[in-house]
Amino acid sequence: MTRKSAVKDNVYPDEVYRNTAVKLTNQHLSNLSEDHLYHLSLVKRGDNLEKQFGDVKVVCTGGSAERMKMCAMMMNEELGNPSGPLQDLSEDGHRFSMYKVGPVLFVNHGMGIPSLAILLHEVFKLLAYAKCTGVVMLRLGTCGGIGIEPGTLVITEKAVDDRMRPVYEQVKLGLLVQTESVIDHRMIESLKNFAATEFPQLPVFTGMTMSTTEFYEGQGRMDGAFCDFGEKDRENYLNQLKKDGVMNIEMEANAFAALCNKAGIKCGVVNVVLVNRLQGDQVKISKDEYKEYQKRPARFAIKYILKSLLN
């Protein structure tokens, strides 16, 4: 099939959030008597997933399996160990790790959009099969700041791709398809206000996040195995991003926002800066700083969940 120009994918309007059920548009799923969520190591048979996951209200996801386990342990302690000892529910899938702590799921999505998309397809089906309602999803990650110092939290207000477009682009049956990246403005305001009132001691910024498909050259780094541009090119590129309003660079936010919006799920993205890209490419903070900074999105999210989403 010949590749054609990009076309717009179906995007749900803002009023979709009034209908709190997860939206699946795949009519073929109704033909499956069983559905194997292969990468999560779960199988949908009758109402088994509803019995196990029907109370889920929040899903926290991030790239690192170890980081999501840390988040789950912190939440488990806050809620008084409601689910007993932590268990990796997706251990047998050998791809992702997933922990359930009361009504909150913690699951890692790996690194980059392809891995994220796989995870989200199966999580969305899990939530729909479990008949979950009013679900909120939070992506908690790390990033490079554009003129922002390590340790700073960045709440994504607008997610763009590496060409500054607020879309997630993919190929379906040879056609280039775009889905608009949308983060509900009420969610952004809720996160901003919470940060201001509950974490006044932390540096927290809100702004535009750029997602790239590659970590090294795709982010203007000069420390990868290959690089065909110079220091001046890199400097001009990063300074232009700053001028255009980009606050941080990571690898998932635009797809996360687009796919959550398509599923009718409110979402938020909170990243911690590990390196100011205007000052270099490599993370040079100490191990103790690295451990502390990685906990900041988790602490923020857990307190936000307890005070704003589970009350």
# chains A, B, ... in the order shown; residues from 1 in each chain; ligands from 1
call {"tool": "residues_around", "arguments": {"residues": "segment 48-52 of chain A", "least_positions_apart": "5", "cutoff": "12 Å", "atoms": "only C-alpha atoms", "output": "PyMOL selection string"}}
result
chain A and resi 34-37+42-43+83+89+100-103+105+123+125-133
call {"tool": "closest_atom_pairs", "arguments": {"of": "segment 28-144 of chain A", "to": "segment 181-199 of chain A", "cutoff": "12 Å", "atoms": "only C-alpha atoms", "output": "tab-separated table"}}
result
residue	atom	partner	partner_atom	distance
A:Val136	CA	A:Met187	CA	9.3
A:Met137	CA	A:Met187	CA	10.4
A:Leu138	CA	A:Met187	CA	10.3
A:Arg139	CA	A:Ile183	CA	11.9
call {"tool": "residues_around", "arguments": {"residues": "segment 161-170 of chain A", "least_positions_apart": "6", "cutoff": "8 Å", "atoms": "only C-alpha atoms", "output": "list in words"}}
result
Leu176, Val177, Gln178, Thr179, Glu180, Ser181, Val182, Met210, Ser211, Thr212, Thr213, Gly218, Asn254, Ala255 and Ala258 of chain A
call {"tool": "write_last_selection", "arguments": {"atoms": "N, CA and C atoms", "output": "short mmCIF file (atom, residue, chain, number, x, y, z; two decimals), in the first residue's frame"}}
result
data_model
loop_
_atom_site.label_atom_id
_atom_site.label_comp_id
_atom_site.auth_asym_id
_atom_site.auth_seq_id
_atom_site.Cartn_x
_atom_site.Cartn_y
_atom_site.Cartn_z
N LEU A 176 -0.19 7.28 7.09
CA LEU A 176 0.32 8.09 8.18
C LEU A 176 -0.87 8.79 8.85
N VAL A 177 -1.06 8.48 10.13
CA VAL A 177 -2.24 8.95 10.85
C VAL A 177 -1.81 9.78 12.06
N GLN A 178 -2.48 10.90 12.28
CA GLN A 178 -2.19 11.77 13.41
C GLN A 178 -3.36 11.76 14.40
N THR A 179 -3.03 11.67 15.68
CA THR A 179 -4.02 11.81 16.74
C THR A 179 -3.61 13.00 17.58
N GLU A 180 -4.53 13.89 17.83
CA GLU A 180 -4.21 15.11 18.56
C GLU A 180 -3.84 14.80 20.01
N SER A 181 -2.78 15.43 20.48
CA SER A 181 -2.35 15.28 21.87
C SER A 181 -3.06 16.32 22.72
N VAL A 182 -3.92 15.86 23.61
CA VAL A 182 -4.73 16.77 24.42
C VAL A 182 -4.62 16.37 25.88
N MET A 210 8.33 18.46 24.96
CA MET A 210 8.60 17.84 23.66
C MET A 210 8.92 16.36 23.84
N SER A 211 8.27 15.52 23.04
CA SER A 211 8.55 14.08 23.06
C SER A 211 9.28 13.72 21.76
N THR A 212 10.36 12.98 21.90
CA THR A 212 11.12 12.56 20.74
C THR A 212 11.08 11.04 20.61
N THR A 213 11.43 10.55 19.44
CA THR A 213 11.42 9.10 19.20
C THR A 213 12.79 8.47 19.44
N GLY A 218 18.19 12.34 18.33
CA GLY A 218 16.83 12.89 18.26
C GLY A 218 16.58 13.98 19.29
N ASN A 254 3.54 13.07 24.36
CA ASN A 254 2.55 13.36 23.31
C ASN A 254 1.69 12.15 23.00
N ALA A 255 2.30 10.96 22.96
CA ALA A 255 1.52 9.74 22.71
C ALA A 255 0.64 9.41 23.90
N ALA A 258 -2.34 11.75 23.79
CA ALA A 258 -3.22 11.45 22.66
C ALA A 258 -4.04 10.19 22.91
#
call {"tool": "select_by_dssp", "arguments": {"residues": "segment 14-165 of chain A", "states": "strand (DSSP E or B)", "output": "JSON list (two decimals) with all heavy atoms, in the first residue's frame"}}
result
[["chain", "number", "residue", "atom", "x", "y", "z"],
["A", 21, "ALA", "N", -16.87, 5.97, 31.62],
["A", 21, "ALA", "CA", -16.39, 4.65, 31.23],
["A", 21, "ALA", "C", -15.25, 4.79, 30.22],
["A", 21, "ALA", "O", -15.20, 5.72, 29.43],
["A", 21, "ALA", "CB", -17.53, 3.83, 30.61],
["A", 34, "GLU", "N", -12.30, -14.92, 24.76],
["A", 34, "GLU", "CA", -11.21, -14.64, 25.69],
["A", 34, "GLU", "C", -10.30, -13.61, 25.03],
["A", 34, "GLU", "O", -10.19, -13.56, 23.81],
["A", 34, "GLU", "CB", -10.38, -15.91, 25.99],
["A", 34, "GLU", "CG", -11.10, -16.96, 26.78],
["A", 34, "GLU", "CD", -10.17, -18.12, 27.14],
["A", 34, "GLU", "OE1", -9.04, -18.17, 26.61],
["A", 34, "GLU", "OE2", -10.58, -18.96, 27.95],
["A", 35, "ASP", "N", -9.68, -12.79, 25.84],
["A", 35, "ASP", "CA", -8.72, -11.83, 25.32],
["A", 35, "ASP", "C", -7.45, -11.93, 26.15],
["A", 35, "ASP", "O", -7.47, -11.68, 27.36],
["A", 35, "ASP", "CB", -9.28, -10.41, 25.36],
["A", 35, "ASP", "CG", -8.41, -9.42, 24.60],
["A", 35, "ASP", "OD1", -7.33, -9.81, 24.11],
["A", 35, "ASP", "OD2", -8.81, -8.24, 24.50],
["A", 36, "HIS", "N", -6.36, -12.32, 25.50],
["A", 36, "HIS", "CA", -5.09, -12.47, 26.19],
["A", 36, "HIS", "C", -4.34, -11.14, 26.16],
["A", 36, "HIS", "O", -3.90, -10.69, 25.10],
["A", 36, "HIS", "CB", -4.25, -13.57, 25.52],
["A", 36, "HIS", "CG", -4.81, -14.93, 25.72],
["A", 36, "HIS", "ND1", -4.27, -15.85, 26.59],
["A", 36, "HIS", "CD2", -5.90, -15.54, 25.16],
["A", 36, "HIS", "CE1", -4.99, -16.97, 26.56],
["A", 36, "HIS", "NE2", -5.97, -16.80, 25.70],
["A", 37, "LEU", "N", -4.23, -10.51, 27.31],
["A", 37, "LEU", "CA", -3.43, -9.30, 27.44],
["A", 37, "LEU", "C", -1.99, -9.76, 27.65],
["A", 37, "LEU", "O", -1.46, -9.81, 28.76],
["A", 37, "LEU", "CB", -3.93, -8.45, 28.60],
["A", 37, "LEU", "CG", -5.44, -8.14, 28.60],
["A", 37, "LEU", "CD1", -5.82, -7.25, 29.77],
["A", 37, "LEU", "CD2", -5.86, -7.51, 27.29],
["A", 42, "LEU", "N", -2.20, -11.31, 31.60],
["A", 42, "LEU", "CA", -3.58, -11.42, 32.07],
["A", 42, "LEU", "C", -4.45, -11.96, 30.95],
["A", 42, "LEU", "O", -4.16, -11.75, 29.77],
["A", 42, "LEU", "CB", -4.13, -10.06, 32.52],
["A", 42, "LEU", "CG", -3.44, -9.39, 33.71],
["A", 42, "LEU", "CD1", -4.00, -7.98, 33.89],
["A", 42, "LEU", "CD2", -3.64, -10.20, 34.99],
["A", 43, "VAL", "N", -5.52, -12.64, 31.32],
["A", 43, "VAL", "CA", -6.48, -13.15, 30.34],
["A", 43, "VAL", "C", -7.88, -12.74, 30.79],
["A", 43, "VAL", "O", -8.25, -12.93, 31.95],
["A", 43, "VAL", "CB", -6.42, -14.69, 30.20],
["A", 43, "VAL", "CG1", -7.42, -15.16, 29.15],
["A", 43, "VAL", "CG2", -5.01, -15.12, 29.83],
["A", 44, "LYS", "N", -8.64, -12.18, 29.87],
["A", 44, "LYS", "CA", -10.02, -11.82, 30.17],
["A", 44, "LYS", "C", -10.91, -13.01, 29.88],
["A", 44, "LYS", "O", -11.02, -13.48, 28.75],
["A", 44, "LYS", "CB", -10.43, -10.60, 29.33],
["A", 44, "LYS", "CG", -11.84, -10.09, 29.62],
["A", 44, "LYS", "CD", -12.84, -10.58, 28.61],
["A", 44, "LYS", "CE", -14.20, -9.95, 28.84],
["A", 44, "LYS", "NZ", -15.23, -10.50, 27.94],
["A", 45, "ARG", "N", -11.53, -13.55, 30.93],
["A", 45, "ARG", "CA", -12.50, -14.64, 30.80],
["A", 45, "ARG", "C", -13.73, -14.28, 31.62],
["A", 45, "ARG", "O", -13.65, -14.17, 32.84],
["A", 45, "ARG", "CB", -11.93, -15.97, 31.32],
["A", 45, "ARG", "CG", -10.75, -16.53, 30.54],
["A", 45, "ARG", "CD", -10.43, -17.95, 31.01],
["A", 45, "ARG", "NE", -9.29, -18.51, 30.32],
["A", 45, "ARG", "CZ", -8.05, -18.54, 30.81],
["A", 45, "ARG", "NH1", -7.81, -18.01, 32.00],
["A", 45, "ARG", "NH2", -7.06, -19.08, 30.11],
["A", 58, "VAL", "N", -7.19, 4.97, 39.73],
["A", 58, "VAL", "CA", -6.01, 5.71, 39.29],
["A", 58, "VAL", "C", -4.99, 4.71, 38.74],
["A", 58, "VAL", "O", -4.80, 3.63, 39.32],
["A", 58, "VAL", "CB", -5.37, 6.51, 40.45],
["A", 58, "VAL", "CG1", -4.19, 7.33, 39.94],
["A", 58, "VAL", "CG2", -6.40, 7.40, 41.13],
["A", 59, "VAL", "N", -4.34, 5.09, 37.65],
["A", 59, "VAL", "CA", -3.23, 4.32, 37.11],
["A", 59, "VAL", "C", -2.02, 5.23, 37.01],
["A", 59, "VAL", "O", -2.07, 6.28, 36.35],
["A", 59, "VAL", "CB", -3.55, 3.74, 35.72],
["A", 59, "VAL", "CG1", -2.34, 2.96, 35.19],
["A", 59, "VAL", "CG2", -4.78, 2.84, 35.77],
["A", 60, "CYS", "N", -0.94, 4.86, 37.68],
["A", 60, "CYS", "CA", 0.32, 5.59, 37.58],
["A", 60, "CYS", "C", 1.28, 4.77, 36.72],
["A", 60, "CYS", "O", 1.43, 3.56, 36.93],
["A", 60, "CYS", "CB", 0.95, 5.80, 38.96],
["A", 60, "CYS", "SG", 0.05, 6.96, 40.00],
["A", 61, "THR", "N", 1.90, 5.43, 35.77],
["A", 61, "THR", "CA", 2.83, 4.72, 34.90],
["A", 61, "THR", "C", 4.08, 5.56, 34.68],
["A", 61, "THR", "O", 4.06, 6.78, 34.80],
["A", 61, "THR", "CB", 2.16, 4.38, 33.55],
["A", 61, "THR", "OG1", 3.04, 3.57, 32.77],
["A", 61, "THR", "CG2", 1.81, 5.64, 32.77],
["A", 62, "GLY", "N", 5.16, 4.87, 34.41],
["A", 62, "GLY", "CA", 6.45, 5.52, 34.14],
["A", 62, "GLY", "C", 7.36, 4.53, 33.47],
["A", 62, "GLY", "O", 7.04, 3.34, 33.37],
["A", 98, "MET", "N", 3.50, -4.73, 37.18],
["A", 98, "MET", "CA", 2.28, -4.07, 37.59],
["A", 98, "MET", "C", 1.95, -4.43, 39.03],
["A", 98, "MET", "O", 1.97, -5.61, 39.41],
["A", 98, "MET", "CB", 1.11, -4.45, 36.68],
["A", 98, "MET", "CG", -0.21, -3.77, 37.05],
["A", 98, "MET", "SD", -1.49, -3.97, 35.78],
["A", 98, "MET", "CE", -1.70, -5.75, 35.81],
["A", 99, "TYR", "N", 1.63, -3.41, 39.83],
["A", 99, "TYR", "CA", 1.28, -3.60, 41.23],
["A", 99, "TYR", "C", -0.06, -2.92, 41.49],
["A", 99, "TYR", "O", -0.31, -1.81, 41.01],
["A", 99, "TYR", "CB", 2.34, -3.00, 42.14],
["A", 99, "TYR", "CG", 3.72, -3.56, 41.91],
["A", 99, "TYR", "CD1", 4.59, -2.96, 40.99],
["A", 99, "TYR", "CD2", 4.16, -4.69, 42.58],
["A", 99, "TYR", "CE1", 5.86, -3.48, 40.75],
["A", 99, "TYR", "CE2", 5.42, -5.22, 42.35],
["A", 99, "TYR", "CZ", 6.26, -4.61, 41.44],
["A", 99, "TYR", "OH", 7.50, -5.15, 41.21],
["A", 100, "LYS", "N", -0.91, -3.57, 42.26],
["A", 100, "LYS", "CA", -2.20, -3.00, 42.65],
["A", 100, "LYS", "C", -2.17, -2.72, 44.15],
["A", 100, "LYS", "O", -1.95, -3.62, 44.96],
["A", 100, "LYS", "CB", -3.34, -3.96, 42.31],
["A", 100, "LYS", "CG", -4.73, -3.37, 42.58],
["A", 100, "LYS", "CD", -5.84, -4.34, 42.15],
["A", 100, "LYS", "CE", -7.21, -3.72, 42.29],
["A", 100, "LYS", "NZ", -7.55, -3.39, 43.69],
["A", 101, "VAL", "N", -2.38, -1.46, 44.48],
["A", 101, "VAL", "CA", -2.44, -1.05, 45.88],
["A", 101, "VAL", "C", -3.80, -0.39, 46.10],
["A", 101, "VAL", "O", -4.02, 0.76, 45.71],
["A", 101, "VAL", "CB", -1.32, -0.06, 46.23],
["A", 101, "VAL", "CG1", -1.37, 0.28, 47.72],
["A", 101, "VAL", "CG2", 0.04, -0.65, 45.87],
["A", 104, "VAL", "N", -5.42, 1.74, 43.22],
["A", 104, "VAL", "CA", -4.38, 2.36, 42.39],
["A", 104, "VAL", "C", -3.50, 1.29, 41.75],
["A", 104, "VAL", "O", -3.03, 0.37, 42.44],
["A", 104, "VAL", "CB", -3.50, 3.32, 43.22],
["A", 104, "VAL", "CG1", -2.53, 4.06, 42.29],
["A", 104, "VAL", "CG2", -4.36, 4.31, 43.99],
["A", 105, "LEU", "N", -3.31, 1.41, 40.44],
["A", 105, "LEU", "CA", -2.38, 0.54, 39.72],
["A", 105, "LEU", "C", -1.10, 1.30, 39.45],
["A", 105, "LEU", "O", -1.12, 2.48, 39.08],
["A", 105, "LEU", "CB", -2.97, 0.09, 38.38],
["A", 105, "LEU", "CG", -4.01, -1.02, 38.36],
["A", 105, "LEU", "CD1", -4.37, -1.34, 36.91],
["A", 105, "LEU", "CD2", -3.52, -2.27, 39.06],
["A", 106, "PHE", "N", 0.02, 0.60, 39.60],
["A", 106, "PHE", "CA", 1.33, 1.14, 39.24],
["A", 106, "PHE", "C", 1.93, 0.18, 38.20],
["A", 106, "PHE", "O", 2.14, -1.00, 38.49],
["A", 106, "PHE", "CB", 2.24, 1.23, 40.46],
["A", 106, "PHE", "CG", 1.75, 2.19, 41.51],
["A", 106, "PHE", "CD1", 0.89, 1.75, 42.52],
["A", 106, "PHE", "CD2", 2.12, 3.52, 41.49],
["A", 106, "PHE", "CE1", 0.43, 2.62, 43.49],
["A", 106, "PHE", "CE2", 1.66, 4.41, 42.46],
["A", 106, "PHE", "CZ", 0.81, 3.95, 43.46],
["A", 107, "VAL", "N", 2.21, 0.69, 37.02],
["A", 107, "VAL", "CA", 2.72, -0.16, 35.96],
["A", 107, "VAL", "C", 3.72, 0.60, 35.11],
["A", 107, "VAL", "O", 3.50, 1.77, 34.77],
["A", 107, "VAL", "CB", 1.56, -0.72, 35.08],
["A", 107, "VAL", "CG1", 0.69, 0.40, 34.54],
["A", 107, "VAL", "CG2", 2.08, -1.60, 33.96],
["A", 108, "ASN", "N", 4.86, -0.01, 34.80],
["A", 108, "ASN", "CA", 5.85, 0.68, 33.98],
["A", 108, "ASN", "C", 5.54, 0.47, 32.50],
["A", 108, "ASN", "O", 4.92, -0.51, 32.10],
["A", 108, "ASN", "CB", 7.25, 0.18, 34.30],
["A", 108, "ASN", "CG", 7.55, -1.18, 33.71],
["A", 108, "ASN", "OD1", 6.88, -2.15, 34.03],
["A", 108, "ASN", "ND2", 8.55, -1.25, 32.84],
["A", 133, "THR", "N", -14.66, 3.05, 36.17],
["A", 133, "THR", "CA", -15.21, 4.35, 35.80],
["A", 133, "THR", "C", -14.43, 5.47, 36.49],
["A", 133, "THR", "O", -13.86, 5.27, 37.56],
["A", 133, "THR", "CB", -16.70, 4.46, 36.19],
["A", 133, "THR", "OG1", -16.82, 4.26, 37.60],
["A", 133, "THR", "CG2", -17.53, 3.43, 35.45],
["A", 136, "VAL", "N", -8.31, 8.08, 36.31],
["A", 136, "VAL", "CA", -7.32, 9.11, 35.99],
["A", 136, "VAL", "C", -5.97, 8.41, 35.83],
["A", 136, "VAL", "O", -5.63, 7.52, 36.61],
["A", 136, "VAL", "CB", -7.23, 10.17, 37.10],
["A", 136, "VAL", "CG1", -6.06, 11.12, 36.85],
["A", 136, "VAL", "CG2", -8.53, 10.95, 37.19],
["A", 137, "MET", "N", -5.22, 8.82, 34.80],
["A", 137, "MET", "CA", -3.90, 8.24, 34.58],
["A", 137, "MET", "C", -2.84, 9.33, 34.73],
["A", 137, "MET", "O", -2.99, 10.45, 34.23],
["A", 137, "MET", "CB", -3.81, 7.59, 33.20],
["A", 137, "MET", "CG", -4.66, 6.35, 33.08],
["A", 137, "MET", "SD", -4.34, 5.38, 31.57],
["A", 137, "MET", "CE", -2.66, 4.78, 31.88],
["A", 138, "LEU", "N", -1.75, 8.96, 35.41],
["A", 138, "LEU", "CA", -0.64, 9.87, 35.61],
["A", 138, "LEU", "C", 0.64, 9.23, 35.09],
["A", 138, "LEU", "O", 0.93, 8.09, 35.43],
["A", 138, "LEU", "CB", -0.46, 10.19, 37.10],
["A", 138, "LEU", "CG", -1.63, 10.89, 37.80],
["A", 138, "LEU", "CD1", -1.35, 10.97, 39.29],
["A", 138, "LEU", "CD2", -1.84, 12.29, 37.23],
["A", 139, "ARG", "N", 1.37, 9.97, 34.25],
["A", 139, "ARG", "CA", 2.69, 9.51, 33.84],
["A", 139, "ARG", "C", 3.73, 10.24, 34.67],
["A", 139, "ARG", "O", 3.76, 11.48, 34.72],
["A", 139, "ARG", "CB", 2.96, 9.78, 32.36],
["A", 139, "ARG", "CG", 4.28, 9.16, 31.92],
["A", 139, "ARG", "CD", 4.70, 9.47, 30.52],
["A", 139, "ARG", "NE", 5.94, 10.23, 30.45],
["A", 139, "ARG", "CZ", 7.12, 9.82, 30.87],
["A", 139, "ARG", "NH1", 7.26, 8.62, 31.43],
["A", 139, "ARG", "NH2", 8.19, 10.58, 30.76],
["A", 140, "LEU", "N", 4.59, 9.47, 35.35],
["A", 140, "LEU", "CA", 5.61, 10.02, 36.23],
["A", 140, "LEU", "C", 6.97, 9.63, 35.66],
["A", 140, "LEU", "O", 7.26, 8.45, 35.51],
["A", 140, "LEU", "CB", 5.46, 9.45, 37.64],
["A", 140, "LEU", "CG", 4.04, 9.49, 38.23],
["A", 140, "LEU", "CD1", 4.00, 8.77, 39.57],
["A", 140, "LEU", "CD2", 3.55, 10.92, 38.36],
["A", 141, "GLY", "N", 7.77, 10.61, 35.30],
["A", 141, "GLY", "CA", 9.01, 10.26, 34.63],
["A", 141, "GLY", "C", 10.15, 11.22, 34.91],
["A", 141, "GLY", "O", 10.09, 12.09, 35.78],
["A", 142, "THR", "N", 11.20, 11.05, 34.12],
["A", 142, "THR", "CA", 12.39, 11.90, 34.17],
["A", 142, "THR", "C", 12.55, 12.57, 32.82],
["A", 142, "THR", "O", 12.01, 12.12, 31.81],
["A", 142, "THR", "CB", 13.65, 11.08, 34.50],
["A", 142, "THR", "OG1", 13.84, 10.07, 33.50],
["A", 142, "THR", "CG2", 13.52, 10.41, 35.86],
["A", 143, "CYS", "N", 13.31, 13.65, 32.80],
["A", 143, "CYS", "CA", 13.44, 14.40, 31.55],
["A", 143, "CYS", "C", 14.68, 15.27, 31.59],
["A", 143, "CYS", "O", 15.34, 15.41, 32.62],
["A", 143, "CYS", "CB", 12.20, 15.27, 31.33],
["A", 143, "CYS", "SG", 12.01, 16.59, 32.57],
["A", 144, "GLY", "N", 14.97, 15.87, 30.44],
["A", 144, "GLY", "CA", 15.99, 16.91, 30.35],
["A", 144, "GLY", "C", 15.29, 18.25, 30.31],
["A", 144, "GLY", "O", 14.31, 18.43, 29.59],
["A", 145, "GLY", "N", 15.78, 19.20, 31.09],
["A", 145, "GLY", "CA", 15.19, 20.52, 31.10],
["A", 145, "GLY", "C", 15.84, 21.44, 30.09],
["A", 145, "GLY", "O", 17.02, 21.28, 29.75],
["A", 153, "LEU", "N", 10.37, 19.89, 39.12],
["A", 153, "LEU", "CA", 9.24, 19.16, 38.55],
["A", 153, "LEU", "C", 8.61, 19.98, 37.43],
["A", 153, "LEU", "O", 8.45, 21.19, 37.55],
["A", 153, "LEU", "CB", 8.18, 18.88, 39.61],
["A", 153, "LEU", "CG", 8.54, 17.90, 40.73],
["A", 153, "LEU", "CD1", 7.32, 17.69, 41.64],
["A", 153, "LEU", "CD2", 9.02, 16.57, 40.18],
["A", 154, "VAL", "N", 8.27, 19.31, 36.33],
["A", 154, "VAL", "CA", 7.60, 19.96, 35.21],
["A", 154, "VAL", "C", 6.26, 19.29, 34.98],
["A", 154, "VAL", "O", 6.19, 18.08, 34.72],
["A", 154, "VAL", "CB", 8.44, 19.90, 33.91],
["A", 154, "VAL", "CG1", 7.68, 20.57, 32.76],
["A", 154, "VAL", "CG2", 9.79, 20.57, 34.10],
["A", 155, "ILE", "N", 5.19, 20.05, 35.11],
["A", 155, "ILE", "CA", 3.84, 19.58, 34.79],
["A", 155, "ILE", "C", 3.55, 19.95, 33.35],
["A", 155, "ILE", "O", 3.61, 21.12, 32.98],
["A", 155, "ILE", "CB", 2.80, 20.23, 35.72],
["A", 155, "ILE", "CG1", 3.07, 19.85, 37.18],
["A", 155, "ILE", "CG2", 1.38, 19.82, 35.32],
["A", 155, "ILE", "CD1", 2.24, 20.64, 38.18],
["A", 156, "THR", "N", 3.27, 18.95, 32.52],
["A", 156, "THR", "CA", 3.05, 19.20, 31.10],
["A", 156, "THR", "C", 1.71, 19.86, 30.86],
["A", 156, "THR", "O", 0.66, 19.35, 31.25],
["A", 156, "THR", "CB", 3.13, 17.88, 30.30],
["A", 156, "THR", "OG1", 4.43, 17.31, 30.47],
["A", 156, "THR", "CG2", 2.87, 18.13, 28.82],
["A", 157, "GLU", "N", 1.76, 21.02, 30.21],
["A", 157, "GLU", "CA", 0.56, 21.75, 29.84],
["A", 157, "GLU", "C", 0.20, 21.49, 28.39],
["A", 157, "GLU", "O", -0.98, 21.45, 28.02],
["A", 157, "GLU", "CB", 0.78, 23.24, 30.07],
["A", 157, "GLU", "CG", -0.46, 24.09, 29.98],
["A", 157, "GLU", "CD", -0.22, 25.48, 30.52],
["A", 157, "GLU", "OE1", 0.91, 25.99, 30.35],
["A", 157, "GLU", "OE2", -1.15, 26.06, 31.12],
["A", 158, "LYS", "N", 1.22, 21.32, 27.56],
["A", 158, "LYS", "CA", 1.04, 21.02, 26.15],
["A", 158, "LYS", "C", 2.12, 20.04, 25.73],
["A", 158, "LYS", "O", 3.29, 20.23, 26.06],
["A", 158, "LYS", "CB", 1.14, 22.30, 25.31],
["A", 158, "LYS", "CG", 0.94, 22.10, 23.82],
["A", 158, "LYS", "CD", 1.04, 23.43, 23.08],
["A", 158, "LYS", "CE", 0.81, 23.26, 21.57],
["A", 158, "LYS", "NZ", 0.93, 24.56, 20.85],
["A", 159, "ALA", "N", 1.73, 18.96, 25.04],
["A", 159, "ALA", "CA", 2.68, 17.95, 24.62],
["A", 159, "ALA", "C", 2.83, 18.00, 23.10],
["A", 159, "ALA", "O", 1.83, 17.91, 22.38],
["A", 159, "ALA", "CB", 2.22, 16.55, 25.05],
["A", 160, "VAL", "N", 4.06, 18.13, 22.62],
["A", 160, "VAL", "CA", 4.32, 18.19, 21.18],
["A", 160, "VAL", "C", 5.33, 17.12, 20.79],
["A", 160, "VAL", "O", 6.05, 16.58, 21.63],
["A", 160, "VAL", "CB", 4.84, 19.58, 20.76],
["A", 160, "VAL", "CG1", 3.82, 20.67, 21.09],
["A", 160, "VAL", "CG2", 6.18, 19.90, 21.44]]
call {"tool": "residues_around", "arguments": {"residues": "Lys284 of chain A", "least_positions_apart": "4", "cutoff": "10 Å", "atoms": "only C-alpha atoms", "output": "ChimeraX atom specification"}}
result
/A:150,274-275,280,289-290
call {"tool": "write_last_selection", "arguments": {"atoms": "N, CA, C and O atoms", "output": "compact mmCIF listing (two decimals), in the first residue's frame"}}
result
# COMPACT_ATOMS: atom_id res chain seq x y z
N PRO A 150 18.28 20.61 37.45
CA PRO A 150 17.94 19.29 37.99
C PRO A 150 17.18 19.39 39.30
O PRO A 150 17.44 20.26 40.13
N LEU A 274 16.52 15.92 35.24
CA LEU A 274 17.78 15.32 35.69
C LEU A 274 19.00 16.05 35.13
O LEU A 274 20.11 15.89 35.65
N VAL A 275 18.81 16.83 34.06
CA VAL A 275 19.92 17.56 33.46
C VAL A 275 19.38 18.79 32.76
O VAL A 275 18.33 18.74 32.13
N GLY A 280 24.67 20.88 28.99
CA GLY A 280 25.35 19.64 28.64
C GLY A 280 24.38 18.53 28.33
O GLY A 280 23.16 18.69 28.45
N GLU A 289 21.62 12.52 44.93
CA GLU A 289 20.70 13.46 44.29
C GLU A 289 19.78 12.73 43.31
O GLU A 289 18.59 13.01 43.24
N TYR A 290 20.37 11.80 42.56
CA TYR A 290 19.58 11.03 41.59
C TYR A 290 18.45 10.27 42.29
O TYR A 290 17.30 10.30 41.85
call {"tool": "residues_around", "arguments": {"residues": "Leu306 of chain A", "least_positions_apart": "4", "cutoff": "9 Å", "atoms": "only C-alpha atoms", "output": "list in words"}}
result
Glu78, Leu79, Ala301, Ile302, Leu310 and Asn311 of chain A
call {"tool": "write_last_selection", "arguments": {"atoms": "all heavy atoms", "output": "CSV table (one decimal), in the first residue's frame"}}
result
chain,number,residue,atom,x,y,z
A,78,GLU,N,1.3,4.3,52.8
A,78,GLU,CA,0.4,5.4,53.1
A,78,GLU,C,-1.0,4.8,53.3
A,78,GLU,O,-1.7,5.3,54.2
A,78,GLU,CB,0.3,6.4,51.9
A,78,GLU,CG,1.5,7.3,51.8
A,78,GLU,CD,1.6,8.3,52.8
A,78,GLU,OE1,0.6,8.6,53.5
A,78,GLU,OE2,2.7,8.9,53.0
A,79,LEU,N,-1.4,3.8,52.6
A,79,LEU,CA,-2.8,3.2,52.8
A,79,LEU,C,-2.9,2.1,53.8
A,79,LEU,O,-3.9,1.5,54.0
A,79,LEU,CB,-3.3,2.7,51.4
A,79,LEU,CG,-3.5,3.8,50.3
A,79,LEU,CD1,-4.0,3.1,49.0
A,79,LEU,CD2,-4.5,4.8,50.8
A,301,ALA,N,2.8,12.7,43.3
A,301,ALA,CA,1.6,12.0,42.8
A,301,ALA,C,0.8,11.3,43.9
A,301,ALA,O,-0.4,11.3,43.9
A,301,ALA,CB,2.0,10.9,41.7
A,302,ILE,N,1.5,10.6,44.8
A,302,ILE,CA,0.9,9.9,45.9
A,302,ILE,C,0.0,10.9,46.8
A,302,ILE,O,-1.1,10.6,47.1
A,302,ILE,CB,1.9,9.1,46.7
A,302,ILE,CG1,2.4,7.9,45.9
A,302,ILE,CG2,1.3,8.6,48.0
A,302,ILE,CD1,3.5,7.2,46.5
A,310,LEU,N,-8.9,10.3,45.6
A,310,LEU,CA,-9.6,9.2,46.4
A,310,LEU,C,-10.5,9.7,47.5
A,310,LEU,O,-11.0,8.9,48.2
A,310,LEU,CB,-8.5,8.3,47.0
A,310,LEU,CG,-7.6,7.6,45.9
A,310,LEU,CD1,-6.7,6.6,46.7
A,310,LEU,CD2,-8.4,6.9,44.9
A,311,ASN,N,-10.6,11.0,47.6
A,311,ASN,CA,-11.5,11.6,48.6
A,311,ASN,C,-13.0,11.6,48.1
A,311,ASN,O,-13.2,11.7,46.9
A,311,ASN,CB,-11.1,13.0,49.0
A,311,ASN,CG,-9.8,13.0,49.8
A,311,ASN,OD1,-9.5,12.0,50.5
A,311,ASN,ND2,-9.1,14.1,49.8
